[in-house]
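Engineer: This is upload.pdb, which holds PDB, C-alpha atoms and all ligand atoms:
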MODEL        1
ATOM      1  CA  MET P   1      89.605  12.941 177.034
ATOM      2  CA  SER P   2      90.166  16.177 175.159
ATOM      3  CA  LYS P   3      88.717  19.382 176.486
ATOM      4  CA  PRO P   4      85.879  20.838 174.350
ATOM      5  CA  LYS P   5      87.078  23.829 172.378
ATOM      6  CA  PHE P   6      85.220  27.078 172.944
ATOM      7  CA  ILE P   7      83.900  28.439 169.664
ATOM      8  CA  ASP P   8      84.082  32.206 169.638
ATOM      9  CA  ASP P   9      83.334  32.700 165.945
ATOM     10  CA  ARG P  10      79.679  33.837 165.993
ATOM     11  CA  GLU P  11      79.061  32.914 162.352
ATOM     12  CA  LYS P  12      80.379  29.414 162.910
ATOM     13  CA  LEU P  13      78.268  29.093 166.049
ATOM     14  CA  GLU P  14      75.105  30.224 164.259
ATOM     15  CA  LYS P  15      75.735  27.620 161.570
ATOM     16  CA  LEU P  16      76.045  24.932 164.215
ATOM     17  CA  ALA P  17      73.080  26.194 166.249
ATOM     18  CA  PRO P  18      70.709  28.334 164.101
ATOM     19  CA  VAL P  19      68.573  29.100 167.188
ATOM     20  CA  LEU P  20      71.280  31.635 168.109
ATOM     21  CA  LYS P  21      70.064  33.882 165.281
ATOM     22  CA  ALA P  22      66.457  34.002 166.487
ATOM     23  CA  PRO P  23      65.243  37.029 168.487
ATOM     24  CA  LEU P  24      64.104  34.875 171.393
ATOM     25  CA  LYS P  25      61.845  36.424 174.013
ATOM     26  CA  ARG P  26      60.457  33.452 175.897
ATOM     27  CA  GLN P  27      60.845  29.763 176.551
ATOM     28  CA  VAL P  28      57.883  27.623 177.507
ATOM     29  CA  PHE P  29      58.432  24.316 179.283
ATOM     30  CA  VAL P  30      55.644  21.751 179.470
ATOM     31  CA  CYS P  31      56.210  18.935 181.925
ATOM     32  CA  THR P  32      55.755  15.535 180.357
ATOM     33  CA  GLY P  33      56.712  13.600 183.448
ATOM     34  CA  LYS P  34      54.617  10.576 184.385
ATOM     35  CA  SER P  35      52.097  12.368 186.629
ATOM     36  CA  CYS P  36      51.574  15.328 184.306
ATOM     37  CA  LYS P  37      51.227  12.982 181.335
ATOM     38  CA  ALA P  38      48.509  11.095 183.212
ATOM     39  CA  VAL P  39      46.433  14.277 183.391
ATOM     40  CA  GLY P  40      46.928  15.469 179.845
ATOM     41  CA  SER P  41      50.257  17.278 179.474
ATOM     42  CA  GLU P  42      50.824  15.850 175.979
ATOM     43  CA  GLU P  43      47.597  17.561 174.893
ATOM     44  CA  VAL P  44      48.740  20.782 176.574
ATOM     45  CA  LYS P  45      52.060  20.597 174.725
ATOM     46  CA  ALA P  46      50.227  19.947 171.446
ATOM     47  CA  ALA P  47      47.945  22.937 172.115
ATOM     48  CA  PHE P  48      51.008  25.163 172.665
ATOM     49  CA  ALA P  49      52.529  23.869 169.438
ATOM     50  CA  ARG P  50      49.337  24.629 167.484
ATOM     51  CA  GLU P  51      48.883  28.060 169.031
ATOM     52  CA  LEU P  52      52.506  29.172 168.669
ATOM     53  CA  GLU P  53      52.859  27.799 165.145
ATOM     54  CA  GLY P  54      49.517  29.313 164.124
ATOM     55  CA  ARG P  55      50.825  32.708 165.209
ATOM     56  CA  GLY P  56      54.169  32.081 163.505
ATOM     57  CA  ILE P  57      56.138  32.698 166.697
ATOM     58  CA  ARG P  58      57.453  29.209 167.481
ATOM     59  CA  GLN P  59      61.162  29.053 166.790
ATOM     60  CA  GLY P  60      62.330  26.101 164.781
ATOM     61  CA  LYS P  61      62.804  24.607 161.353
ATOM     62  CA  GLU P  62      60.473  25.683 158.547
ATOM     63  CA  THR P  63      60.240  22.054 157.441
ATOM     64  CA  LYS P  64      58.500  21.370 160.761
ATOM     65  CA  GLY P  65      56.054  24.270 160.342
ATOM     66  CA  ARG P  66      58.029  26.566 162.621
ATOM     67  CA  ASN P  67      59.750  29.890 162.173
ATOM     68  CA  PRO P  68      63.574  30.031 162.234
ATOM     69  CA  MET P  69      63.245  33.619 163.479
ATOM     70  CA  GLY P  70      60.442  32.854 165.939
ATOM     71  CA  GLU P  71      60.504  34.431 169.383
ATOM     72  CA  VAL P  72      59.389  31.455 171.454
ATOM     73  CA  VAL P  73      60.998  28.111 172.145
ATOM     74  CA  LEU P  74      58.686  25.302 173.215
ATOM     75  CA  THR P  75      60.375  22.575 175.218
ATOM     76  CA  GLU P  76      59.179  19.573 177.148
ATOM     77  CA  CYS P  77      60.742  18.807 180.488
ATOM     78  CA  SER P  78      60.544  16.153 183.142
ATOM     79  CA  SER P  79      59.085  16.539 186.613
ATOM     80  CA  VAL P  80      59.464  19.861 188.390
ATOM     81  CA  GLY P  81      57.604  18.879 191.567
ATOM     82  CA  PHE P  82      54.058  19.919 190.637
ATOM     83  CA  CYS P  83      53.168  16.230 190.203
ATOM     84  CA  THR P  84      49.887  16.338 192.132
ATOM     85  CA  ILE P  85      48.827  19.639 190.567
ATOM     86  CA  GLY P  86      49.865  19.122 186.956
ATOM     87  CA  PRO P  87      50.110  19.616 184.118
ATOM     88  CA  ALA P  88      52.900  22.044 184.943
ATOM     89  CA  VAL P  89      53.896  24.778 182.519
ATOM     90  CA  LEU P  90      56.876  27.071 183.137
ATOM     91  CA  VAL P  91      57.459  30.339 181.307
ATOM     92  CA  TYR P  92      60.829  32.081 181.203
ATOM     93  CA  PRO P  93      62.442  34.587 181.543
ATOM     94  CA  GLU P  94      59.729  35.541 184.050
ATOM     95  CA  GLY P  95      60.085  32.245 185.933
ATOM     96  CA  THR P  96      56.335  31.769 186.211
ATOM     97  CA  TRP P  97      55.155  28.277 187.079
ATOM     98  CA  TYR P  98      51.595  27.438 186.091
ATOM     99  CA  ALA P  99      49.627  24.478 187.446
ATOM    100  CA  GLN P 100      46.641  22.426 186.312
ATOM    101  CA  VAL P 101      46.931  23.788 182.800
ATOM    102  CA  THR P 102      44.467  22.425 180.265
ATOM    103  CA  PRO P 103      44.554  22.676 176.461
ATOM    104  CA  GLU P 104      41.674  25.174 176.768
ATOM    105  CA  ASP P 105      43.915  27.484 178.846
ATOM    106  CA  VAL P 106      46.636  27.616 176.215
ATOM    107  CA  PRO P 107      45.217  30.333 173.895
ATOM    108  CA  GLU P 108      44.861  32.652 176.911
ATOM    109  CA  LEU P 109      48.396  31.875 178.134
ATOM    110  CA  VAL P 110      49.822  32.587 174.688
ATOM    111  CA  GLU P 111      47.735  35.728 174.131
ATOM    112  CA  LYS P 112      48.374  37.244 177.559
ATOM    113  CA  HIS P 113      51.691  35.963 178.855
ATOM    114  CA  ILE P 114      53.665  34.920 175.797
ATOM    115  CA  GLU P 115      52.658  37.826 173.584
ATOM    116  CA  LYS P 116      51.936  40.626 176.087
ATOM    117  CA  GLY P 117      53.965  39.614 179.136
ATOM    118  CA  GLU P 118      50.890  39.585 181.403
ATOM    119  CA  ILE P 119      50.918  36.746 183.911
ATOM    120  CA  VAL P 120      47.696  34.704 184.040
ATOM    121  CA  GLU P 121      47.163  34.930 187.794
ATOM    122  CA  ARG P 122      44.451  32.267 188.071
ATOM    123  CA  LEU P 123      46.937  29.564 186.964
ATOM    124  CA  ALA P 124      50.207  30.981 188.327
ATOM    125  CA  LEU P 125      51.322  29.353 191.567
ATOM    126  CA  LEU P 126      54.965  30.321 191.653
ATOM    127  CA  GLU P 127      56.958  33.237 190.415
ATOM    128  CA  LEU P 128      60.694  32.850 190.798
ATOM    129  CA  PRO P 129      62.770  35.945 191.381
ATOM    130  CA  THR P 130      64.611  36.827 188.190
ATOM    131  CA  SER P 131      67.310  39.356 187.618
ATOM    132  CA  GLY P 132      66.927  42.152 185.117
TER     133      GLY P 132
HETATM  134  S1  LIG S 201      55.360  14.931 186.620
HETATM  135 FE1  LIG S 201      55.049  17.004 186.062
HETATM  136  S2  LIG S 201      55.631  18.062 187.838
HETATM  137 FE2  LIG S 201      56.010  16.010 188.356
ENDMDL
END
Produce structure tokens that represent the structure in this file.
Structural biologist:
Amino acid sequence: MSKPKFIDDREKLEKLAPVLKAPLKRQVFVCTGKSCKAVGSEEVKAAFARELEGRGIRQGKETKGRNPMGEVVLTECSSVGFCTIGPAVLVYPEGTWYAQVTPEDVPELVEKHIEKGEIVERLALLELPTSG
């Protein structure tokens, strides 16, 4: 098997992965594992999509209603261990893990944490140490 070749040409990289051009500030993970799904994580993910796209800050293709230069990446993930207290939502680079998030909580999370960097204490159960 051949070794993957490291691409050091930034322009070439940005063509291959346009997300590299976006001024990213945060990444939001919504757990869509079995237990979180059973208590509504798909609705939470949809609420994040609506809220971020409505504010024009969700990074992604214009054809999907997103902004190629958006500052926030929304990603679904599998179980992170909050199975009995889901839906779990993780926000980086702060490393804040939120529990029992409902679609109704999403506008507040976006307004306070995503846009202003203020952690929503009532939902935050874990804050991982981050560097920088
Ligand atoms: S299924 Fe979401 S934390 Fe386990």
Engineer: Rounded to one decimal place, report the CA of Gln59 (chain P)-CA of Gln27 (chain P) distance in Å.
Structural biologist: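 CA of Gln27 (chain P) lies 9.8 Å from CA of Gln59 (chain P).
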Engineer: On this structure, the PyMOL selection byres (((chain P and resi 104-110) around 8) and not hetatm) would catch which residues? List them as number ranges by chain, sorted by chain and number.
Structural biologist: P: 44, 47-48, 51-52, 101-103, 111-115, 119-120
Engineer: Taking all atoms listed in the file into account, which residues are within 6 Å of ligand LIG 201 (chain S), as a ChimeraX atom specification?
Structural biologist: /P:31-36,79-83,86-88
Engineer: Any chance you could resolve the PyMOL selection byres (((chain P and resi 128) around 7) and not hetatm) against this file and give the residues as a VMD selection string?
Structural biologist: chain P and resid 95 to 96 126 to 127 129 to 130
Engineer: For CA of Lys37 (chain P) and CA of Arg55 (chain P), quote the distance in Å rounded to one decimal.
Structural biologist: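 Pair CA of Lys37 (chain P) / CA of Arg55 (chain P) returns 25.5 Å.
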Engineer: Which residue, P:Arg10, P:Ala49, P:Ile57, P:Glu71, has the smallest gap to Leu24 (chain P) when you use all atoms listed in the file?
Structural biologist: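 Nearest to Leu24 (chain P): P:Glu71.
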Engineer: Measuring between all atoms listed in the file, which one of P:Lys25, P:Gly54, P:Lys116, P:Gly40 shows the shortest distance to Val72 (chain P)?
Structural biologist: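 Looking only at the distances to Val72 (chain P), the closest residue turns out to be P:Lys25.
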Engineer: Between CA of Val19 (chain P) and CA of Gly56 (chain P), what is the spacing in Å?
Structural biologist: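 These atoms are spaced 15.2 Å apart.
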Engineer: Would you please work out which residue, of P:Val73, P:Val91, P:Tyr98, P:Ala124, is nearest to Pro23 (chain P) when using all atoms listed in the file?
Structural biologist: P:Val73
Engineer: Tell me which of P:Glu94, P:Glu43, P:Asp8, P:Glu53 sits closest to Gly117 (chain P), counting all atoms listed in the file.
Structural biologist: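 Result for the nearest residue to Gly117 (chain P): P:Glu94.
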Engineer: When the PyMOL selection byres (((chain P and resi 75) around 8) and not hetatm) is applied to the structure above, which residues does it catch, written out as a PDB file with C-alpha atoms, keeping the file's coordinate frame?
Structural biologist:
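Dumped to selection_15.pdb:
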ATOM      1  CA  GLN P  27      60.845  29.763 176.551  1.00  0.00           C
ATOM      2  CA  VAL P  28      57.883  27.623 177.507  1.00  0.00           C
ATOM      3  CA  PHE P  29      58.432  24.316 179.283  1.00  0.00           C
ATOM      4  CA  VAL P  30      55.644  21.751 179.470  1.00  0.00           C
ATOM      5  CA  VAL P  73      60.998  28.111 172.145  1.00  0.00           C
ATOM      6  CA  LEU P  74      58.686  25.302 173.215  1.00  0.00           C
ATOM      7  CA  GLU P  76      59.179  19.573 177.148  1.00  0.00           C
ATOM      8  CA  CYS P  77      60.742  18.807 180.488  1.00  0.00           C
TER       9      CYS P  77
END
Engineer: Around all of region 48-53 of chain P's listed atoms, make the axis-aligned box with 4 Å on each side and tell me centre and edge lengths in Å to one decimal, as lines of an AutoDock Vina configuration file.
Structural biologist:
center_x = 50.9
center_y = 26.5
center_z = 168.9
size_x = 12.0
size_y = 13.3
size_z = 15.5
